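Working notes, structure below.
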Amino acid sequence: MTTIGLVLDCLDPEALAEFWAPALGYKRIGAVGQYVLLMPSQPGVLKLLLQQVPEEKVVKNRMHLDVEVADIDAEVSRLEGLGARRVFSEPQVEHGSQWHLMTDPEGNEFCVCDGGGSV
């Protein structure tokens with residue numbers, strides 16, 4: 001059986017854990033050196049490892065997270081309270097889906113999506 005986990009490069013994994021743990025409902029398991037591990041409470045969901053790197057983010061992510069929720073506007077407001085920023089003021093709409101493009105406190109892009117159930 002193959003499993004995967006996500007690794008997010010960042011400048012300050014401790015600070016970014018303060019955003020991503022409550023954003024995803026994950027628990028901060030611990031830190032060793034340049035790493036901070038966040039784990040979900042339910043089995044079968046991907047872990048998130050925050051890895052400190054020396055360079056700042058420069059260009060658009062090649063891969064990003066989609067946070068799928070029933071009420072994207074409420075989730076966007078909650079995440080903004082944690083330090084996320086909207087890229088556009090209005091949601092994007094395409095192929096029956098609606099989402100907000102956002103950035104975390106270090107500028108990593110992610111989307112808050114309805115999972116295709118709104119339009």
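Going through the structure tokens in order, the chains are called A, B, and so on, while each chain numbers its residues from 1 and the ligands are numbered from 1 in the order shown.
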
Inset, instruction - Quick one: everything within 10 Å of Glu56 in chain A, counting only C-alpha atoms, minus sequence neighbours fewer than 3 positions away in the same chain. Send it as a count of residues only. - result: 7

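Considering the residues A:Cys113, A:Ala23, A:Val67, A:Leu6 and counting only C-alpha atoms, Leu37 in chain A has its shortest atom-to-atom contact with A:Leu6.
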
Inset, instruction - From a DSSP pass on the backbone, collect the residues of range 19-82 of chain A flagged as strand (DSSP E) and hand them back as a PyMOL selection string. - result: chain A and resi 27-32+35-39+48-52+65-68

How would the residues just picked look written out with N, CA and C atoms as a compact mmCIF listing (two decimals), in the first residue's frame?
# COMPACT_ATOMS: atom_id res chain seq x y z
N LYS A 27 -3.61 18.79 14.23
CA LYS A 27 -2.87 18.96 15.48
C LYS A 27 -1.39 19.09 15.17
N ARG A 28 -0.72 19.97 15.88
CA ARG A 28 0.73 20.09 15.78
C ARG A 28 1.32 18.95 16.60
N ILE A 29 1.96 18.02 15.92
CA ILE A 29 2.50 16.83 16.58
C ILE A 29 3.85 17.13 17.22
N GLY A 30 4.68 17.88 16.51
CA GLY A 30 6.00 18.20 17.04
C GLY A 30 6.88 18.82 15.99
N ALA A 31 8.07 19.20 16.44
CA ALA A 31 9.05 19.83 15.55
C ALA A 31 10.42 19.22 15.82
N VAL A 32 11.17 19.05 14.74
CA VAL A 32 12.55 18.59 14.82
C VAL A 32 13.33 19.36 13.78
N TYR A 35 11.70 21.08 10.62
CA TYR A 35 10.40 20.50 10.30
C TYR A 35 9.38 20.67 11.43
N VAL A 36 8.13 20.89 11.05
CA VAL A 36 7.00 20.85 11.98
C VAL A 36 5.95 19.94 11.34
N LEU A 37 5.48 18.95 12.09
CA LEU A 37 4.52 17.98 11.57
C LEU A 37 3.12 18.29 12.09
N LEU A 38 2.17 18.38 11.16
CA LEU A 38 0.75 18.55 11.47
C LEU A 38 0.02 17.30 11.00
N MET A 39 -0.86 16.78 11.87
CA MET A 39 -1.59 15.56 11.54
C MET A 39 -3.09 15.77 11.73
N LEU A 48 0.57 16.89 6.96
CA LEU A 48 1.20 18.08 6.38
C LEU A 48 2.48 18.35 7.13
N LEU A 49 3.60 18.31 6.43
CA LEU A 49 4.90 18.58 7.01
C LEU A 49 5.35 19.95 6.52
N LEU A 50 5.63 20.86 7.44
CA LEU A 50 6.14 22.19 7.10
C LEU A 50 7.65 22.14 7.19
N GLN A 51 8.31 22.48 6.10
CA GLN A 51 9.77 22.35 6.00
C GLN A 51 10.40 23.71 5.78
N GLN A 52 11.31 24.08 6.66
CA GLN A 52 11.99 25.36 6.52
C GLN A 52 13.01 25.30 5.39
N LEU A 65 -3.29 23.36 -2.28
CA LEU A 65 -4.35 22.67 -1.55
C LEU A 65 -5.70 23.24 -1.94
N ASP A 66 -6.69 22.39 -2.06
CA ASP A 66 -8.09 22.79 -2.17
C ASP A 66 -8.76 22.42 -0.86
N VAL A 67 -9.25 23.42 -0.15
CA VAL A 67 -10.00 23.20 1.08
C VAL A 67 -11.47 23.17 0.68
N GLU A 68 -12.08 22.00 0.72
CA GLU A 68 -13.46 21.85 0.26
C GLU A 68 -14.43 21.91 1.43

Write out as CSV the residues of range 39-82 of chain A that have any atom within 12 Å of an atom of range 86-101 of chain A, one row each with the nearest atom pair and its distance in Å to one decimal, counting only C-alpha atoms, sorted by chain and then rising number.
residue,atom,partner,partner_atom,distance
A:Lys60,CA,A:Leu101,CA,11.9
A:His64,CA,A:Leu101,CA,10.2
A:Leu65,CA,A:Leu101,CA,10.3
A:Asp66,CA,A:Trp99,CA,8.9
A:Val67,CA,A:Trp99,CA,9.3
A:Glu68,CA,A:Trp99,CA,8.9
A:Val69,CA,A:Trp99,CA,9.8
A:Ala70,CA,A:Gln98,CA,10.6
A:Asp71,CA,A:Trp99,CA,10.2
A:Ile72,CA,A:Trp99,CA,7.0
A:Asp73,CA,A:His100,CA,8.5
A:Ala74,CA,A:His100,CA,11.3
A:Glu75,CA,A:His100,CA,9.9
A:Val76,CA,A:His100,CA,7.5
A:Ser77,CA,A:Arg86,CA,9.6
A:Arg78,CA,A:Arg86,CA,11.8
A:Leu79,CA,A:Arg86,CA,9.5
A:Glu80,CA,A:Arg86,CA,7.8
A:Gly81,CA,A:Arg86,CA,11.5

Legend entry - alpha helix (DSSP H) call set, DSSP backbone run, chain A, as a ChimeraX atom specification: /A:13-24,72-82

Those residues with N, CA, C and O atoms, as a tab-separated table (two decimals), in the first residue's frame please?
chain	number	residue	atom	x	y	z
A	13	PRO	N	8.44	27.54	9.71
A	13	PRO	CA	7.44	26.49	9.90
A	13	PRO	C	6.66	26.62	11.21
A	13	PRO	O	5.48	26.27	11.25
A	14	GLU	N	7.28	27.12	12.26
A	14	GLU	CA	6.56	27.30	13.53
A	14	GLU	C	5.42	28.29	13.35
A	14	GLU	O	4.30	28.05	13.78
A	15	ALA	N	5.72	29.44	12.73
A	15	ALA	CA	4.68	30.45	12.52
A	15	ALA	C	3.61	29.96	11.56
A	15	ALA	O	2.42	30.19	11.78
A	16	LEU	N	4.02	29.26	10.50
A	16	LEU	CA	3.03	28.77	9.53
A	16	LEU	C	2.16	27.66	10.13
A	16	LEU	O	0.99	27.53	9.77
A	17	ALA	N	2.70	26.91	11.09
A	17	ALA	CA	1.90	25.90	11.79
A	17	ALA	C	0.76	26.56	12.56
A	17	ALA	O	-0.32	25.99	12.69
A	18	GLU	N	0.99	27.78	13.04
A	18	GLU	CA	-0.05	28.52	13.76
A	18	GLU	C	-1.22	28.86	12.85
A	18	GLU	O	-2.33	29.06	13.32
A	19	PHE	N	-0.98	28.93	11.54
A	19	PHE	CA	-2.06	29.14	10.58
A	19	PHE	C	-2.67	27.81	10.13
A	19	PHE	O	-3.87	27.60	10.24
A	20	TRP	N	-1.83	26.89	9.61
A	20	TRP	CA	-2.35	25.69	8.98
A	20	TRP	C	-3.01	24.71	9.95
A	20	TRP	O	-3.98	24.03	9.58
A	21	ALA	N	-2.53	24.60	11.17
A	21	ALA	CA	-3.17	23.66	12.12
A	21	ALA	C	-4.64	24.01	12.34
A	21	ALA	O	-5.51	23.16	12.11
A	22	PRO	N	-4.98	25.24	12.74
A	22	PRO	CA	-6.41	25.54	12.90
A	22	PRO	C	-7.15	25.66	11.56
A	22	PRO	O	-8.35	25.36	11.49
A	23	ALA	N	-6.46	26.06	10.50
A	23	ALA	CA	-7.12	26.17	9.20
A	23	ALA	C	-7.66	24.81	8.75
A	23	ALA	O	-8.76	24.72	8.21
A	24	LEU	N	-6.90	23.75	8.98
A	24	LEU	CA	-7.28	22.41	8.54
A	24	LEU	C	-7.89	21.56	9.65
A	24	LEU	O	-8.33	20.44	9.39
A	72	ILE	N	-18.38	28.34	1.39
A	72	ILE	CA	-17.06	28.93	1.12
A	72	ILE	C	-16.92	30.33	1.71
A	72	ILE	O	-15.84	30.70	2.16
A	73	ASP	N	-17.99	31.12	1.74
A	73	ASP	CA	-17.88	32.48	2.27
A	73	ASP	C	-17.57	32.46	3.77
A	73	ASP	O	-16.73	33.23	4.25
A	74	ALA	N	-18.22	31.60	4.51
A	74	ALA	CA	-17.95	31.49	5.95
A	74	ALA	C	-16.52	31.01	6.19
A	74	ALA	O	-15.82	31.51	7.07
A	75	GLU	N	-16.07	30.04	5.39
A	75	GLU	CA	-14.71	29.51	5.55
A	75	GLU	C	-13.67	30.56	5.19
A	75	GLU	O	-12.65	30.68	5.87
A	76	VAL	N	-13.92	31.32	4.14
A	76	VAL	CA	-12.99	32.38	3.76
A	76	VAL	C	-12.86	33.40	4.90
A	76	VAL	O	-11.75	33.80	5.26
A	77	SER	N	-13.96	33.78	5.48
A	77	SER	CA	-13.93	34.73	6.61
A	77	SER	C	-13.15	34.15	7.78
A	77	SER	O	-12.34	34.84	8.41
A	78	ARG	N	-13.36	32.88	8.09
A	78	ARG	CA	-12.64	32.23	9.19
A	78	ARG	C	-11.15	32.22	8.92
A	78	ARG	O	-10.33	32.55	9.78
A	79	LEU	N	-10.76	31.86	7.70
A	79	LEU	CA	-9.35	31.77	7.35
A	79	LEU	C	-8.69	33.16	7.31
A	79	LEU	O	-7.53	33.30	7.66
A	80	GLU	N	-9.44	34.17	6.88
A	80	GLU	CA	-8.90	35.53	6.94
A	80	GLU	C	-8.60	35.92	8.39
A	80	GLU	O	-7.61	36.58	8.66
A	81	GLY	N	-9.43	35.48	9.31
A	81	GLY	CA	-9.19	35.74	10.73
A	81	GLY	C	-7.92	35.07	11.24
A	81	GLY	O	-7.32	35.52	12.22
A	82	LEU	N	-7.49	33.99	10.57
A	82	LEU	CA	-6.26	33.30	10.94
A	82	LEU	C	-5.03	33.87	10.24
A	82	LEU	O	-3.91	33.48	10.55

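The smallest atom-to-atom distance between Arg62 in chain A and any of A:Gly115, A:Gly83, A:Asn108, A:Thr103, using only C-alpha atoms, is found for A:Asn108.
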
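Comparing A:Tyr26, A:Gly44, A:Leu8, A:Pro54 by their smallest distance to Asp104 in chain A, the closest is A:Leu8 (using only C-alpha atoms).
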
Inset, instruction - For Ile4 in chain A, list every protein, DNA or RNA residue within 10 Å, evaluated using only C-alpha atoms, and leave out those in the same chain fewer than 5 positions away; present the list as a list in words. - result: Val45, Leu46, Lys47 and Leu48 of chain A

Legend entry - For CA of Val58 in chain A and CA of Gly33 in chain A, the interatomic separation in Å (one decimal): 23.7 Å

Legend entry - Two-atom distance - CA of Pro40 in chain A, CA of Met102 in chain A (Å): 21.4 Å
